[in-house]
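One file, my_file_11.cif, is given below (mmCIF, C-alpha atoms).
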data_entry
loop_
_atom_site.label_atom_id
_atom_site.label_comp_id
_atom_site.auth_asym_id
_atom_site.auth_seq_id
_atom_site.Cartn_x
_atom_site.Cartn_y
_atom_site.Cartn_z
CA MET A 50 -8.40 -20.17 -6.05
CA SER A 51 -9.88 -19.77 -9.53
CA ASN A 52 -7.63 -19.66 -12.58
CA LYS A 53 -10.12 -17.45 -14.43
CA PRO A 54 -8.53 -14.19 -15.63
CA LEU A 55 -9.71 -11.07 -13.83
CA ASN A 56 -12.07 -8.84 -15.78
CA VAL A 57 -10.91 -5.21 -16.03
CA GLY A 58 -12.98 -2.15 -16.95
CA LEU A 59 -11.24 0.98 -18.22
CA VAL A 60 -12.25 4.49 -17.18
CA GLY A 61 -10.52 6.77 -19.67
CA GLY A 62 -7.84 5.71 -22.12
CA GLY A 63 -9.52 6.77 -25.35
CA ARG A 64 -8.55 9.34 -27.96
CA GLY A 65 -5.15 10.91 -27.28
CA ALA A 66 -4.54 9.03 -24.01
CA PHE A 67 -1.03 8.07 -22.95
CA ILE A 68 -0.77 6.15 -19.67
CA VAL A 69 -3.35 3.54 -20.69
CA HIS A 70 -0.83 1.92 -23.05
CA PRO A 71 1.72 0.74 -20.44
CA HIS A 72 -1.19 -0.39 -18.28
CA GLN A 73 -2.56 -2.50 -21.11
CA LYS A 74 0.82 -4.11 -21.68
CA ALA A 75 1.05 -5.01 -18.02
CA ILE A 76 -2.51 -6.35 -17.93
CA HIS A 77 -1.99 -8.70 -20.85
CA PHE A 78 1.56 -9.66 -19.95
CA ASP A 79 0.93 -12.89 -18.03
CA GLY A 80 -2.66 -13.85 -18.86
CA THR A 81 -4.02 -13.27 -15.36
CA ARG A 82 -6.22 -10.30 -16.39
CA ARG A 83 -8.01 -8.99 -19.43
CA VAL A 84 -9.73 -5.74 -20.41
CA VAL A 85 -13.36 -6.55 -21.20
CA ALA A 86 -15.12 -3.16 -21.00
CA GLY A 87 -14.45 0.55 -21.08
CA ALA A 88 -15.86 4.03 -20.78
CA LEU A 89 -13.06 5.55 -22.78
CA PHE A 90 -13.94 9.22 -23.34
CA PRO A 91 -16.08 11.99 -21.75
CA ASP A 92 -18.19 12.36 -24.93
CA PRO A 93 -20.49 9.28 -25.11
CA LYS A 94 -20.41 9.16 -28.90
CA ILE A 95 -16.63 9.25 -29.07
CA ALA A 96 -16.43 6.75 -26.20
CA LEU A 97 -18.47 4.20 -28.18
CA GLU A 98 -16.47 4.87 -31.34
CA GLU A 99 -13.21 4.32 -29.48
CA ALA A 100 -14.50 1.03 -28.04
CA ALA A 101 -15.57 -0.16 -31.50
CA ASN A 102 -12.09 0.61 -32.84
CA TRP A 103 -10.21 -0.84 -29.90
CA PRO A 104 -7.32 -3.21 -30.82
CA TYR A 105 -9.27 -6.17 -29.38
CA PRO A 106 -12.99 -6.71 -28.64
CA ILE A 107 -14.33 -4.92 -25.56
CA LYS A 108 -17.77 -3.78 -24.46
CA GLY A 109 -18.06 -0.02 -24.88
CA TYR A 110 -20.08 2.30 -22.64
CA GLY A 111 -20.96 5.97 -23.04
CA SER A 112 -19.96 6.77 -19.44
CA TYR A 113 -18.49 5.14 -16.37
CA ASP A 114 -21.87 5.53 -14.62
CA GLU A 115 -23.40 3.34 -17.30
CA MET A 116 -20.61 0.77 -17.04
CA ILE A 117 -20.84 0.52 -13.25
CA ALA A 118 -24.65 0.22 -13.33
CA ALA A 119 -24.59 -2.43 -16.08
CA ASN A 120 -22.10 -4.50 -14.12
CA GLN A 121 -24.73 -5.37 -11.51
CA THR A 122 -26.93 -7.06 -14.12
CA LEU A 123 -24.23 -9.28 -15.65
CA PRO A 124 -23.72 -12.97 -14.82
CA GLU A 125 -21.19 -13.56 -12.07
CA ASP A 126 -18.38 -14.72 -14.38
CA GLN A 127 -18.77 -11.64 -16.62
CA ARG A 128 -18.72 -8.98 -13.93
CA LEU A 129 -15.81 -6.61 -13.49
CA ASP A 130 -13.24 -7.61 -10.91
CA TYR A 131 -11.84 -4.08 -10.82
CA ILE A 132 -11.78 -0.83 -12.75
CA LEU A 133 -8.65 0.96 -13.91
CA ILE A 134 -8.86 4.77 -13.80
CA VAL A 135 -6.50 6.39 -16.32
CA THR A 136 -8.13 9.82 -16.63
CA PRO A 137 -6.77 13.29 -15.79
CA ASN A 138 -6.64 13.99 -12.07
CA PHE A 139 -10.02 15.72 -11.77
CA VAL A 140 -11.82 12.52 -12.91
CA HIS A 141 -10.36 10.23 -10.24
CA TYR A 142 -12.60 10.81 -7.25
CA ASP A 143 -16.08 10.33 -8.71
CA PRO A 144 -15.63 7.02 -10.60
CA ALA A 145 -13.55 5.60 -7.75
CA MET A 146 -16.20 6.41 -5.14
CA LYS A 147 -19.06 5.06 -7.27
CA ALA A 148 -17.19 1.86 -8.08
CA MET A 149 -16.40 1.15 -4.43
CA LYS A 150 -20.03 1.69 -3.44
CA ALA A 151 -20.98 -0.83 -6.13
CA GLY A 152 -18.51 -3.33 -4.65
CA ILE A 153 -15.96 -3.04 -7.46
CA ALA A 154 -12.25 -2.83 -6.60
CA VAL A 155 -10.31 0.18 -7.91
CA PHE A 156 -6.84 0.71 -9.34
CA CYS A 157 -6.28 4.44 -9.84
CA GLU A 158 -3.54 6.44 -11.49
CA LYS A 159 -1.66 8.89 -9.30
CA PRO A 160 -2.06 11.42 -7.84
CA LEU A 161 -5.07 10.10 -6.00
CA CYS A 162 -7.26 13.23 -6.12
CA LEU A 163 -7.27 16.99 -6.52
CA ASN A 164 -7.10 17.71 -2.78
CA LEU A 165 -6.68 16.17 0.66
CA LYS A 166 -10.40 16.13 1.48
CA GLU A 167 -11.22 13.95 -1.54
CA ALA A 168 -8.31 11.64 -0.75
CA ASN A 169 -9.43 11.20 2.87
CA ASP A 170 -12.98 10.41 1.71
CA LEU A 171 -11.73 7.64 -0.58
CA VAL A 172 -9.52 6.15 2.12
CA LYS A 173 -12.37 6.10 4.66
CA THR A 174 -14.79 4.55 2.18
CA ALA A 175 -12.33 1.84 1.11
CA ARG A 176 -11.69 0.87 4.73
CA LYS A 177 -15.36 1.00 5.69
CA LEU A 178 -16.54 -1.14 2.78
CA GLY A 179 -13.48 -3.39 2.68
CA VAL A 180 -13.03 -2.82 -1.06
CA PRO A 181 -9.48 -3.23 -2.44
CA PHE A 182 -8.02 0.07 -3.66
CA GLY A 183 -4.61 0.64 -5.23
CA VAL A 184 -2.72 3.67 -6.55
CA ALA A 185 -0.41 3.20 -9.54
CA HIS A 186 2.99 4.26 -8.24
CA THR A 187 4.36 2.12 -11.04
CA TYR A 188 8.08 2.30 -10.33
CA LEU A 189 7.69 0.57 -6.96
CA GLY A 190 7.17 -2.62 -8.97
CA HIS A 191 10.80 -2.74 -10.13
CA TRP A 192 12.64 -5.78 -8.79
CA THR A 193 15.60 -3.59 -7.89
CA THR A 194 13.33 -1.22 -5.96
CA ARG A 195 12.21 -4.13 -3.79
CA LEU A 196 15.80 -5.30 -3.33
CA SER A 197 16.73 -1.74 -2.29
CA ARG A 198 13.92 -1.84 0.25
CA TYR A 199 15.26 -5.10 1.70
CA ILE A 200 18.84 -3.80 1.89
CA VAL A 201 17.91 -0.52 3.59
CA ARG A 202 15.28 -1.91 5.96
CA SER A 203 17.55 -4.81 7.00
CA GLY A 204 20.06 -2.29 8.29
CA LEU A 205 22.81 -3.33 5.88
CA LEU A 206 23.57 0.33 5.20
CA GLY A 207 23.23 1.31 8.85
CA GLU A 208 21.11 4.25 9.96
CA VAL A 209 19.80 6.39 7.10
CA ARG A 210 21.41 9.82 7.17
CA TRP A 211 20.57 11.34 3.81
CA VAL A 212 18.28 10.56 0.85
CA ASP A 213 18.25 12.26 -2.53
CA SER A 214 15.15 11.15 -4.46
CA TYR A 215 14.46 12.76 -7.82
CA TYR A 216 12.50 12.59 -11.08
CA ILE A 217 13.80 14.76 -13.93
CA GLN A 218 12.15 15.35 -17.31
CA GLY A 219 12.53 17.92 -20.08
CA TRP A 220 9.40 17.63 -22.23
CA LEU A 221 7.79 20.81 -20.82
CA ALA A 222 10.85 23.01 -21.27
CA THR A 223 8.81 25.09 -23.73
CA LYS A 224 5.19 26.22 -23.56
CA LEU A 225 3.92 23.06 -25.20
CA GLU A 226 0.39 23.57 -23.89
CA ALA A 227 0.01 26.62 -26.17
CA SER A 228 0.09 24.29 -29.17
CA GLY A 229 -2.95 22.39 -27.88
CA GLN A 230 -0.97 19.24 -27.04
CA GLN A 231 -3.44 17.18 -25.00
CA GLN A 232 -1.07 15.73 -22.40
CA ALA A 233 0.53 19.10 -21.68
CA SER A 234 -2.73 21.06 -21.61
CA TRP A 235 -4.43 19.34 -18.71
CA ARG A 236 -1.24 18.94 -16.66
CA VAL A 237 -0.75 22.69 -16.37
CA ASP A 238 -4.42 23.51 -15.75
CA PRO A 239 -5.21 23.90 -12.00
CA LYS A 240 -8.85 22.88 -12.53
CA ARG A 241 -7.87 19.53 -14.04
CA ALA A 242 -4.47 18.79 -12.48
CA GLY A 243 -4.90 20.22 -8.97
CA GLY A 244 -2.65 22.46 -6.91
CA SER A 245 0.68 21.28 -8.34
CA GLY A 246 1.81 20.48 -11.87
CA CYS A 247 5.28 18.97 -11.75
CA GLY A 248 4.96 17.91 -8.10
CA GLY A 249 1.66 16.12 -8.56
CA ASP A 250 2.67 14.56 -11.85
CA ILE A 251 6.15 13.19 -11.15
CA GLY A 252 7.26 14.54 -7.75
CA THR A 253 4.86 12.05 -6.20
CA HIS A 254 6.95 9.22 -7.70
CA ALA A 255 10.12 10.55 -6.09
CA LEU A 256 8.39 10.89 -2.71
CA MET A 257 6.95 7.38 -2.85
CA GLN A 258 10.34 5.95 -3.83
CA LEU A 259 11.79 7.48 -0.68
CA ARG A 260 9.00 6.28 1.61
CA TYR A 261 8.79 2.77 0.16
CA VAL A 262 12.50 2.01 0.14
CA THR A 263 13.45 3.54 3.50
CA GLY A 264 10.21 2.94 5.41
CA LEU A 265 10.56 6.44 6.84
CA ASP A 266 7.98 9.22 6.94
CA VAL A 267 8.47 12.91 6.23
CA THR A 268 7.84 14.99 9.34
CA THR A 269 8.65 18.54 8.23
CA VAL A 270 9.24 20.17 4.84
CA SER A 271 10.60 23.33 3.30
CA ALA A 272 9.28 23.49 -0.25
CA GLN A 273 9.82 25.52 -3.39
CA LEU A 274 7.29 25.19 -6.26
CA GLU A 275 8.68 27.19 -9.15
CA THR A 276 7.57 28.02 -12.68
CA PHE A 277 10.27 28.70 -15.25
CA VAL A 278 8.17 28.87 -18.42
CA GLU A 279 6.51 32.29 -18.57
CA GLY A 280 2.72 32.27 -18.47
CA ARG A 281 2.39 28.71 -17.14
CA GLN A 282 -0.18 28.43 -14.35
CA LEU A 283 1.38 25.56 -12.37
CA ASP A 284 4.87 24.66 -11.24
CA ASP A 285 7.27 22.98 -13.65
CA HIS A 286 10.10 22.67 -11.09
CA PHE A 287 9.65 21.18 -7.63
CA THR A 288 12.11 21.02 -4.70
CA ILE A 289 11.42 19.91 -1.12
CA TYR A 290 13.93 19.69 1.71
CA CYS A 291 12.61 17.19 4.27
CA LYS A 292 13.25 16.04 7.80
CA LEU A 293 12.67 12.31 8.19
CA SER A 294 11.09 10.43 11.06
CA ASN A 295 14.45 8.96 12.16
CA GLY A 296 16.10 12.38 12.28
CA GLY A 297 17.74 12.04 8.86
CA ARG A 298 17.38 14.50 6.02
CA ALA A 299 16.17 14.18 2.44
CA LEU A 300 15.78 16.10 -0.79
CA VAL A 301 12.75 15.30 -2.95
CA ARG A 302 13.02 17.05 -6.30
CA ALA A 303 11.39 16.98 -9.70
CA SER A 304 11.63 19.02 -12.85
CA GLN A 305 10.02 19.00 -16.29
CA VAL A 306 12.19 21.73 -17.84
CA CYS A 307 15.58 19.97 -17.94
CA ILE A 308 16.22 19.40 -21.64
CA GLY A 309 17.73 16.00 -22.41
CA HIS A 310 16.08 14.14 -19.54
CA LYS A 311 13.30 11.64 -20.32
CA ASN A 312 12.11 9.64 -17.30
CA ASP A 313 15.13 10.09 -15.05
CA LEU A 314 13.86 8.77 -11.73
CA GLY A 315 16.47 7.77 -9.18
CA ILE A 316 17.39 7.55 -5.53
CA LEU A 317 20.56 7.80 -3.46
CA ILE A 318 20.47 6.62 0.15
CA ALA A 319 23.46 7.34 2.38
CA GLY A 320 23.67 5.41 5.64
CA THR A 321 26.24 5.11 8.41
CA LYS A 322 27.68 1.93 6.82
CA GLY A 323 27.31 2.53 3.10
CA THR A 324 25.44 4.11 0.20
CA LEU A 325 22.90 2.76 -2.31
CA ARG A 326 22.35 4.19 -5.80
CA TRP A 327 19.59 3.29 -8.28
CA ARG A 328 18.26 4.85 -11.50
CA GLN A 329 15.05 3.92 -13.26
CA GLU A 330 16.62 4.38 -16.69
CA ASP A 331 19.03 1.55 -15.79
CA PRO A 332 16.52 -0.47 -13.79
CA GLU A 333 18.03 -3.96 -13.78
CA CYS A 334 20.86 -3.18 -11.37
CA LEU A 335 21.69 -1.18 -8.26
CA THR A 336 25.03 -0.12 -6.80
CA ILE A 337 26.23 -0.50 -3.22
CA CYS A 338 29.21 1.55 -2.00
CA LEU A 339 31.02 0.47 1.17
CA PRO A 340 34.05 2.12 2.83
CA ASN A 341 37.42 1.19 1.28
CA GLN A 342 35.90 -1.48 -0.98
CA PRO A 343 35.07 -1.72 -4.68
CA ASP A 344 31.51 -0.85 -5.59
CA ARG A 345 29.11 -3.78 -5.73
CA VAL A 346 26.69 -3.94 -8.65
CA TYR A 347 23.70 -6.21 -8.01
CA TRP A 348 21.90 -7.42 -11.13
CA ARG A 349 18.37 -8.71 -11.36
CA GLY A 350 18.19 -12.42 -10.60
CA ALA A 351 21.87 -12.70 -9.68
CA VAL A 352 21.89 -11.97 -5.95
CA VAL A 353 23.61 -14.74 -4.00
CA PRO A 354 22.97 -14.94 -0.24
CA GLY A 355 25.77 -15.52 2.22
CA THR A 356 28.34 -13.18 0.66
CA ALA A 357 30.36 -10.61 2.58
CA PHE A 358 27.50 -8.11 2.16
CA CYS A 359 24.27 -9.96 1.37
CA PRO A 360 23.38 -12.21 4.34
CA LYS A 361 22.13 -15.81 4.22
CA THR A 362 18.74 -14.55 5.37
CA CYS A 363 18.23 -12.78 2.02
CA PRO A 364 14.75 -13.85 0.78
CA PRO A 365 14.73 -16.43 -2.05
CA ILE A 366 12.93 -14.03 -4.42
CA TYR A 367 16.25 -12.24 -4.92
CA TRP A 368 18.33 -15.36 -5.66
CA PRO A 369 19.46 -16.38 -9.16
CA SER A 370 16.80 -18.30 -11.08
CA ARG A 371 18.27 -21.71 -11.97
CA ARG A 372 17.25 -23.64 -15.08
CA PHE A 373 18.49 -27.18 -15.56
CA ARG A 374 18.47 -29.42 -18.60
CA ALA A 375 16.90 -32.83 -18.30
CA GLY A 376 19.37 -35.50 -17.22
CA THR A 377 22.00 -33.11 -15.86
CA ARG A 378 23.13 -32.61 -12.31
CA LYS A 379 21.82 -29.56 -10.51
CA ARG A 380 25.19 -27.90 -10.21
CA SER A 381 25.37 -27.71 -14.00
CA THR A 382 23.29 -24.73 -15.00
CA THR A 383 22.66 -23.05 -18.30
CA ARG A 384 22.36 -19.69 -16.56
CA SER A 385 25.81 -18.19 -16.66
CA ARG A 386 25.50 -14.67 -15.28
CA GLY A 387 26.09 -15.19 -11.59
CA CYS A 388 28.85 -12.89 -10.43
CA ILE A 389 27.68 -9.63 -8.94
CA ALA A 390 30.16 -8.60 -6.25
CA VAL A 391 32.90 -7.44 -8.61
CA SER A 392 34.19 -4.03 -9.52
CA ARG A 393 34.78 -4.96 -13.17
CA PRO A 394 32.14 -5.94 -15.75
CA THR A 395 31.38 -9.56 -16.61
CA CYS A 396 31.61 -10.97 -20.11
CA ALA A 397 28.63 -12.36 -22.03
CA GLY A 398 29.35 -15.92 -20.87
CA GLY A 399 29.22 -14.95 -17.22
CA ARG A 400 32.95 -15.20 -16.40
CA PRO A 401 34.56 -12.11 -14.87
CA ALA A 402 36.28 -9.90 -17.45
CA GLY A 403 39.86 -9.87 -16.19
CA ASN A 404 40.99 -10.25 -12.62
CA LEU A 405 38.51 -9.99 -9.78
CA SER A 406 39.19 -6.93 -7.70
CA ALA A 407 36.57 -7.31 -5.03
CA THR A 408 36.35 -8.98 -1.65
CA ALA A 409 36.58 -12.69 -0.94
CA ALA A 410 32.80 -12.74 -1.36
CA SER A 411 33.37 -12.90 -5.11
CA THR A 412 34.86 -16.38 -4.83
CA ARG A 413 31.87 -17.66 -2.89
CA THR A 414 29.56 -15.92 -5.34
CA LEU A 415 31.10 -17.75 -8.29
CA ARG A 416 30.97 -21.08 -6.51
CA THR A 417 27.32 -20.66 -5.53
CA ALA A 418 26.39 -19.60 -9.04
CA GLY A 419 27.69 -22.86 -10.50
CA TRP A 420 31.35 -22.01 -11.32
CA ALA A 421 34.19 -23.99 -9.76
CA SER A 422 36.34 -21.42 -8.01
CA PRO A 423 39.56 -22.66 -6.33
CA SER A 424 42.17 -20.04 -5.69
CA SER A 425 44.15 -21.10 -8.75
CA LYS A 426 42.71 -19.97 -12.08
CA ARG A 427 44.31 -22.96 -13.80
CA ALA A 428 42.68 -25.41 -11.39
CA SER A 429 39.39 -23.56 -11.74
CA ARG A 430 39.36 -23.93 -15.51
CA ALA A 431 40.33 -27.59 -15.31
CA ALA A 432 37.49 -28.24 -12.87
CA GLN A 433 35.03 -26.56 -15.21
CA ARG A 434 36.18 -28.76 -18.12
CA LYS A 435 35.74 -31.90 -16.05
CA ALA A 436 32.40 -30.91 -14.51
CA PRO A 437 29.45 -32.98 -15.78
CA GLY A 438 26.62 -31.43 -17.73
CA PRO A 439 26.51 -28.98 -20.60
CA ARG A 440 29.07 -26.25 -21.12
CA CYS A 441 27.86 -22.70 -21.39
CA PRO A 442 26.26 -22.61 -24.85
CA LYS A 443 27.01 -18.91 -25.26
CA ARG A 444 30.75 -19.48 -24.83
CA LEU A 445 30.76 -22.47 -27.19
CA ASP A 446 28.88 -20.50 -29.83
CA ASP A 447 31.36 -17.65 -29.50
CA ARG A 448 34.30 -20.04 -29.93
CA ARG A 449 32.77 -21.66 -33.02
CA ARG A 450 32.02 -18.24 -34.48
CA PHE A 451 35.59 -17.10 -33.80
CA LEU A 452 37.13 -20.19 -35.46
CA SER A 453 34.76 -19.85 -38.40
CA ARG A 454 35.75 -16.23 -38.94
CA GLY A 455 39.44 -17.20 -38.80
CA ALA A 456 39.04 -19.93 -41.39
CA THR A 457 37.10 -17.59 -43.67
CA ARG A 458 39.80 -14.94 -43.46
CA LEU A 459 42.53 -17.49 -44.21
CA ARG A 460 40.71 -18.75 -47.30
CA GLY A 461 40.19 -15.16 -48.42
CA ARG A 462 43.91 -14.37 -48.13
CA ARG A 463 44.83 -17.44 -50.14
CA GLN A 464 42.34 -16.59 -52.85
CA THR A 465 43.61 -13.01 -53.01
CA ARG A 466 47.22 -14.12 -53.36
CA ALA A 467 46.31 -16.60 -56.07
CA ALA A 468 44.42 -13.90 -57.97
CA HIS A 469 47.54 -11.70 -57.92
CA GLY A 470 49.75 -14.50 -59.25
CA ILE A 471 51.60 -15.16 -56.01
CA SER A 472 53.32 -18.55 -56.11
CA VAL A 473 52.18 -21.15 -53.62
CA GLN A 474 54.02 -24.29 -52.51
CA THR A 475 51.80 -27.06 -53.76
CA GLY A 476 53.24 -30.07 -51.94
CA ASN A 477 50.76 -32.89 -52.44
CA ALA A 478 48.29 -30.64 -54.20
CA PRO A 479 44.93 -32.07 -55.25
CA SER A 480 44.44 -32.74 -58.95
CA ASN A 481 41.93 -29.89 -59.23
CA GLY A 482 44.60 -27.37 -58.29
CA ALA A 483 43.06 -26.35 -54.96
CA THR A 484 45.41 -25.47 -52.13
CA PRO A 485 45.53 -28.32 -49.57
CA PRO A 486 45.01 -27.46 -45.90
CA ASN A 487 48.00 -26.35 -43.81
CA THR A 488 50.10 -25.65 -46.93
CA PRO A 489 52.63 -22.85 -46.29
CA ILE A 490 52.43 -19.93 -48.68
CA ALA A 491 55.67 -18.81 -50.29
CA PRO A 492 56.66 -15.17 -49.84
CA ARG A 493 55.92 -12.85 -52.72
CA SER A 494 58.83 -12.16 -55.04
CA ARG A 495 60.17 -8.60 -54.97
CA ASN A 496 61.50 -8.80 -58.58
#
Give the structure from the file, written as structure tokens.
Amino acid sequence: MSNKPLNVGLVGGGRGAFIVHPHQKAIHFDGTRRVVAGALFPDPKIALEEAANWPYPIKGYGSYDEMIAANQTLPEDQRLDYILIVTPNFVHYDPAMKAMKAGIAVFCEKPLCLNLKEANDLVKTARKLGVPFGVAHTYLGHWTTRLSRYIVRSGLLGEVRWVDSYYIQGWLATKLEASGQQQASWRVDPKRAGGSGCGGDIGTHALMQLRYVTGLDVTTVSAQLETFVEGRQLDDHFTIYCKLSNGGRALVRASQVCIGHKNDLGILIAGTKGTLRWRQEDPECLTICLPNQPDRVYWRGAVVPGTAFCPKTCPPIYWPSRRFRAGTRKRSTTRSRGCIAVSRPTCAGGRPAGNLSATAASTRTLRTAGWASPSSKRASRAAQRKAPGPRCPKRLDDRRRFLSRGATRLRGRRQTRAAHGISVQTGNAPSNGATPPNTPIAPRSRN
């Protein structure tokens, strides 16, 4: 396998674009890909100007037709490995189809197309030509989304009874499109957005979250597409009651008129054995609720297999990442946040804040994460002091900082008393008149 970064060509993303920015951050995050070319705007002149002013050097083209045609004439190592389509919905189908026919892989923003016919054509062409094609349902990439998928599909929550999957925003609570705002204007225009506004824009994320995590399909629906802002052509509120392929029920809902909400995507899955909750605005953790037990909060990179809930067969990608200093034994780890099956928060050093009030799994969790955990707290702390390897640097830094603050305050009090003429027992005072350490201070006279 070659270590050469993949070459990416942008379709869209120029003047006034929004979604191209998170895509660029992801592309350049790990050095495996790079944007080398772009057809950034419908107007060829503006497209070339945008390319010339791009934050880093790229080859600009007046149109995606020109970029796709030019790709065939380039040396092998300079050709595009895939194109990224970040245009409004009505400019998804044509560049995607032309790129696939030219043998170029496609990564396309959602929703896929304006209608079902176009979508079916793209699917058939991708399968016929064997060209890779992906749709950017971005939130499926969250680590906690994949852990949720494992938990639900492994049957740890039992049979799925009910799912509430939602995406709530508030940025279109007023008629923003009337001001000419670019992102609002095309999203409420049926010719450019398609048959649904809110549903096609963010409802699709809620639906895909349900399907990806549960593995279930929607068999029947009862839908309400509603418009609250007067004069708006497409829906700004979207509610679907669904029957699932296993006989369960679900609610898929989205809104763009709920003031105060930003990108509030979330999912609740209720099974016969327990419930899972996850919110995109707090993406690094998910909550598991089991009958008559404290809630379990699973944090990214801190899932320990073999607990009372998470089985030993849990894939290694969900385990804590261990980092060891050179010359230390493996059980001594500088990663301190290991406890997840507790109903109370953990402190910055990784120790539970207060008494554990969870199941016996907590004890095994602490032991596996590198903390000695006998039943006695006193024995546990003694074992940690005797354990080889480095102590938790965060805890040591906190202790030093605490002692330093205490010494500073003590010196300040002494200086204040001296400034007010309060007598001090000098004992064996230094010749320069400074107060020696540990010298008791006489009480202030009340005369």
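Among the candidates A:Thr174, A:Asn169, A:Thr223, A:Ser197, the one nearest to Glu279 in chain A when counting all atoms listed in the file is A:Thr223.
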Any chance you could work out the residue set of the PyMOL selection byres ((chain A and resi 340) around 12) here, as a PDB file with C-alpha atoms, keeping the file's coordinate frame?
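Wrote it out as result00.pdb, contents follow:
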ATOM      1  CA  LEU A 206      23.570   0.330   5.200  1.00  0.00           C
ATOM      2  CA  ALA A 319      23.460   7.340   2.380  1.00  0.00           C
ATOM      3  CA  GLY A 320      23.670   5.410   5.640  1.00  0.00           C
ATOM      4  CA  THR A 321      26.240   5.110   8.410  1.00  0.00           C
ATOM      5  CA  LYS A 322      27.680   1.930   6.820  1.00  0.00           C
ATOM      6  CA  GLY A 323      27.310   2.530   3.100  1.00  0.00           C
ATOM      7  CA  THR A 324      25.440   4.110   0.200  1.00  0.00           C
ATOM      8  CA  ILE A 337      26.230  -0.500  -3.220  1.00  0.00           C
ATOM      9  CA  CYS A 338      29.210   1.550  -2.000  1.00  0.00           C
ATOM     10  CA  LEU A 339      31.020   0.470   1.170  1.00  0.00           C
ATOM     11  CA  ASN A 341      37.420   1.190   1.280  1.00  0.00           C
ATOM     12  CA  GLN A 342      35.900  -1.480  -0.980  1.00  0.00           C
ATOM     13  CA  PRO A 343      35.070  -1.720  -4.680  1.00  0.00           C
ATOM     14  CA  ASP A 344      31.510  -0.850  -5.590  1.00  0.00           C
ATOM     15  CA  ARG A 345      29.110  -3.780  -5.730  1.00  0.00           C
TER      16      ARG A 345
END
Give as a PyMOL selection string every residue, naming chains and numbers as the document does, that has an atom within 9 Å of (14.0, 20.2, 0.7), counting only C-alpha atoms. chain A and resi 270-273+288-292+298-302
Applied to the shown file, which residues does the PyMOL selection byres ((chain A and resi 90-97) around 9) return, written as a list in words?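 Taken on the displayed file, the PyMOL selection byres ((chain A and resi 90-97) around 9) yields the residues Val60, Gly61, Gly62, Gly63, Arg64, Gly87, Ala88, Leu89, Glu98, Glu99, Ala100, Ala101, Asn102, Lys108, Gly109, Tyr110, Gly111, Ser112 and Thr136 of chain A.
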Taking the file as I've supplied it (selection: the PyMOL selection byres ((chain A and resi 192) around 10)), which residues are included? Please answer as a compact mmCIF listing (two decimals) with C-alpha atoms, in the coordinates of the input.
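And here is the file that came out, out24.txt:
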# COMPACT_ATOMS: atom_id res chain seq x y z
CA TYR A 188 8.08 2.30 -10.33
CA LEU A 189 7.69 0.57 -6.96
CA GLY A 190 7.17 -2.62 -8.97
CA HIS A 191 10.80 -2.74 -10.13
CA THR A 193 15.60 -3.59 -7.89
CA THR A 194 13.33 -1.22 -5.96
CA ARG A 195 12.21 -4.13 -3.79
CA LEU A 196 15.80 -5.30 -3.33
CA SER A 197 16.73 -1.74 -2.29
CA ARG A 198 13.92 -1.84 0.25
CA PRO A 332 16.52 -0.47 -13.79
CA GLU A 333 18.03 -3.96 -13.78
CA CYS A 334 20.86 -3.18 -11.37
CA TRP A 348 21.90 -7.42 -11.13
CA ARG A 349 18.37 -8.71 -11.36
CA GLY A 350 18.19 -12.42 -10.60
CA ILE A 366 12.93 -14.03 -4.42
CA TYR A 367 16.25 -12.24 -4.92
So how far away is CA of Gly65 in chain A from CA of Thr253 in chain A, in Å?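 So the two atoms, CA of Thr253 in chain A and CA of Gly65 in chain A, lie 23.4 Å apart.
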Just the residues within 10 Å of Gln73 in chain A, please, counting only C-alpha atoms, with nothing from its chain fewer than 5 positions along; format it as an MDAnalysis selection string. chainID A and resid 59 62 68 78 82:84
Between CA of His77 in chain A and CA of Ala148 in chain A, what is the spacing in Å?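 These two atoms are separated by 22.5 Å.
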Counting all atoms listed in the file, figure out which residue out of A:Leu221, A:Ala357, A:Leu171, A:Val209 gets nearest to Ile308 in chain A. A:Leu221
